[in-house]
Structure formats: structure tokens, C-alpha cells
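The block underneath contains the structure these notes are about, expressed in C-alpha cells.
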Amino acid sequence: MSSAQHRGLALWAALLSVLVCAVFLPVSRPVAVVILLAILGLIITLWYVFSRKPEPEETIRLDNLPEATYRQPVVLVCGDMPQVWPEQSQVLIVAQGCWIRVENYQDLAQVARQLLWQRPHWGRQLSVMVCVCPQKHADGEALTSRLLALRWQISQLRRESGHTVPLVLNGLAGSSMMSDLHWQAAIPGEGVRVWRESSAPSSIAAWLTTGGAMAMQRQVLMNSLMTWFHSHVKAVFMDEDPDIPAITPAVVLWGIGPILSGSLASSAWTAWLTRRTAMHHVAGWQPVGTDSTVMSLSPDFVLPLLPEGQGLTPRSRTWRYALGIFTLAAIAALLSSGWNNRQLLRSLSFDIAHYERIPMNDYDPKARAMQVLREDAAQLDQWARNGEPMKMSLGLYHGESLRQPVLEAIRSYVPPTPPAKPQVKTTAKIIRLDSMSLFDTGKWQLKPGSTKLLVNSLVGIKAKPGWLIVVAGHTDSTGDDKSNQVLSLKRAESVRDWMRDTGDVPESCFAVQGYGASRPVATNDTVEGRALNRRVEISLVPQANACQLPGNPPASSQDGDASKSEME
């Protein structure tokens, strides 16, 4: 992947980490910040490691590679070649695709890394062709060792690139019986077909029918090559091995031509033919020459037939990594949301159980538990109206099912009976008037100048239903008791008459009493004390049915008994 794709994945992971830690994690804010910093540190470290991945060592020159948008098959060619590679560069571009020569079979994986570093999107169009010319090998065991090394190299390439790079096996031989290069290819689903430069591809049966005896001789030689190739080359790639995965070739080619450079007079091929036929040095077993510039170097016809490799392009891999990161974040968010809802359920269940354990007559603890339930209900109602918080969402919120038990517990609450209010006994308001200011000595008629004093003193005394205006007269101890009692009563009646006539107050609103000298407020032994005892007292006393105006119902009084005792 490119550095831009690495940066994009790092930013995507950081964004999801912030979202999960800030919204969903069921921990306190400081702990969430610490976890987020740790995750961001890990993301930065991974980004640095992958973005600083060193460029593969340059094994071959790939100067004239096609552009990155090239979509034709690209085949890495390793093993034996029938002729010397014609180009100075290892890249050969033909109409059907691109061939890249790998001289040293041990460099196959390294060359593939170098190629995919320069062309990251070529992974799916990349293939490997292993060419084997049995006439160039004298030692069969050495050939098997090289093929096993190539099998391991291709397995490494598949594992590192993430692509199922198709394998093409190509067996080449030279024979003087051939006038041109003759190819036969085994393609899955199509069987074995004959490919020749001078004719269209056909089946073996059709070729034998049109070719006659010469075609029959060539096919016998081709069958021998196929048999040897299957047991000495194809089997090496497909046999079970616990250390190296088996590789099934996508296409198997066999080619026989008149020219083959570097062929040996005594080779693994001729030795195998001798064992099979008991003949030695047959002329048709060897090519007629070792160099030619007119024969095709590679089987270009097979390029369009190659299957596309299975694997991910860098863009697809980036999207897959992004989806994987999102999946991890989603799992973390779901687990956190589930834990948060579990804690909510436990908290509400505890509050309800705590409330129910407290007796109803234990008023203060019961009231505190009820307040907690009301706060829980208010929180659930707010979430019902405005939506549950994000940390409890993702389809895991069960607050609606918890509201009803909370509300039922609240409805079961019986508040304590309020204490009875203490009865406040109303005391009479008493106004004291100096008798000497109102009357002459021994008289009960009001003085002419007493009106102003009465008006100023009695401004707060008003008649109202249920209240009795009690006017009581008092004297000092001078004189006999009977005269004092009569004098005090007459003076009280005079004040009553003035109030009745002046304020238009009904007679039923008044009670007149004369106490004489029986209720002194000071000593009668001094002049000042006797002056205080000579007085007229006016008070409002509550009494039922007192002072009833025409058309008004009777008014109740809580202190009727008290007014009676006051009048007696």
C-alpha cells in the first residue's frame, strides 16, 4: 500500500478510537483519556513501521516496464530457455502481454517484490512460468532440487503478496524430426490442444488425422516428453510435503522444435528414453542446431489463456483493513454499550430493592429512598423524550422496560401524616382609658372634651360577627364597694352608649360590666396607684353568635367559653 493509504488507515483508526473512548467506554474520563493515548501511540507506531518499510533490493533492471495502468498478463520466466534472451533488458513486451526473465531461480521472490513495489496493482495479473529443458540436465536429482527451491520461492511469493500467483509449467525439447516449433498445452476444462505457428489450434486427434505418419511419429515423441515431464517436474510441485505447500499448475505446456541451445549429448532426457526403449543415440532425440533467430522464444499464445490471480489490490486491501478496524471499533462499542446498560439495570434494581426493604413507618430513610427513585424516573423520562445517550444506544437500551417498575414503586409510597397544628388561643385586645380624663369625680357623664380622646383611643375597635365588644368599668378603693360597683357600671354604659351612637353599632355587639374596685392593676395605697385603678377597659373577645348583623349567618368562635368566663 502507498504511504497515503497508510496515513488514511491511521487517521481512520484514530478517529474511531476517539469515538469509542470518548462516548462508549464505561470508565471515568481520566481513565478513558489514558486508554485513548495508549491506542493513539500504538497507531502512530504501526504507521511509522509500515510507512518506513524499506524498498526491496534491486535484483534486475526493470527499466522498460509498461505503465502502471497496464492490464495485460505479466509472466516471470525462470528456468531453462530454448535460446538466449534477445533483449538487454529482462523485460520483453509482446502484443498479448509481458515477459520478464529471471536468470537465477533463487531470485524469483525478490524480483516479484521489486516488481510489485514499482507496480502495486499488478498482483492479480502476475504469473510465474517455470521452463524445463530435460536435454540441458545431466543430473536428475539436481533438477529436482532446483524445482523444489522454485516451489518454495513461489509459495513465499504467494504468502507475501497475498495473491494466488498462477503457475505455468513449460517443458521444452529439441528434435530433428521437427521442422518448426510444435506446442501442446493442457488447459483445465479444454483438455490438450495442439498449437502451431502455421495453423490454428486443434485437438490431437485432428492434428494426427491431417498430419499422417510424420505427425504420428512426432506425437509419440511428444507423449514421451509429457510422461517424463509429469513424473520429473509436475510431480515435484504437486507431491505432498509438510514443509512446502503443493502448487497445482494452471497451464502445462510442452514444446518440441528443431533448435535448442545448450543441449547435451547425454542428458536426463536421453537416459530416460534409453531406459524406456532400450535404444541408444537415436537421431530424432537430438536437435539439428543450437541457435536460431527465426523461432519464437516464448509461447505468446498462452498469455490470453492464463487465469487471473486471486488476491487483493492495494485499494481493496486498504478497504478491507478499514472495514476490519471498523469491525473492531464496533465490537468495542457494542460491548461497552452492553456493559453500560447492565450497570443501569443493576443500579435501578438496587434502588427499587433498597426502597422496598425500608418499612413505610421509617419515614426519613423511606423519603430519601423515594427521592432517589424520583431522580431515576426523571432521568428515564428525559431519555424517553430526548433519546437515550449514545453510550447506551446501538439497540441495547432497555430503559423503557425499567420505567414501569420505578413508577410502580413511586406510586406505592405513602407520605407520613403531617403533625396537627397547635391551637393558638386568641387573647382579647384590651384598651385602657383613664376615667379622670373621661369623667368628673363621682360622675358617669362624659366630659365635653372627652370625644377626641375616645376617637383616638378606640380607632382599632370595630364591630364584626363572632366578636363581642366588652366594656368594663373599674374604680379605686375610695368609698364603699356598692357605690364603686354602680359607678363603674354606669361609666361603662356611658362609653358603650357613645360607641353605639357614634359608630352605629348594634346593641348585640356590646357587653357592659362594672367591677368596682375588685380588680385593681396597682396598689390603692398611693395616689399614682389609685389613678391607674380608675379606668375603663374595652376589649374584643371571640364569642359565637355575637354581634350578628341582619342577613349574616352566625359565626363560630373557638373561644366562646373563654368569653363567658370573662363576662362573669
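Ordering of the C-alpha cells sets the chain letters (A, B, ...); residue numbers start at 1 within each chain; ligands are numbered from 1 in the order shown.
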Task: Selection near Val49 in chain A, 12 Å with only C-alpha atoms, sequence-local residues under 6 positions removed, as number ranges by chain - done: A: 3, 6-7, 10, 42-43
- [ ] Identify, on the basis of only C-alpha atoms, every residue whose closest approach to range 144-156 of chain A does not exceed 6 Å; exclude the query and any residue fewer than 3 positions from it along the same chain; express the result as a ChimeraX atom specification.
- [x] /A:109,141,159
- [ ] Could you give me, as a list in words, the residues within 10 Å of range 185-190 of chain A, counting only C-alpha atoms and dropping anything in the same chain fewer than 2 positions from it?
- [x] Leu169, Asn170, Trp183, Val192, Arg193, Val194, Trp195, Pro201, Ser203, Pro249, Ala250, Val251, Val252, Leu253, Trp254, Gly255, Pro299, Val302, Leu305 and Leu306 of chain A
Open item on the list: Between A:Ile259, A:Ala544, A:Leu345, A:Val31, which residue has the minimum interatomic distance to Pro405 in chain A, considering only C-alpha atoms?
Closed with: A:Leu345
TODO: as a ChimeraX atom specification, please: all residues of range 497-544 of chain A that backbone DSSP puts in alpha helix (DSSP H).
DONE: /A:497-503,527-533
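Of note, CA of Pro415 in chain A and CA of His354 in chain A are spaced 17.1 Å apart.
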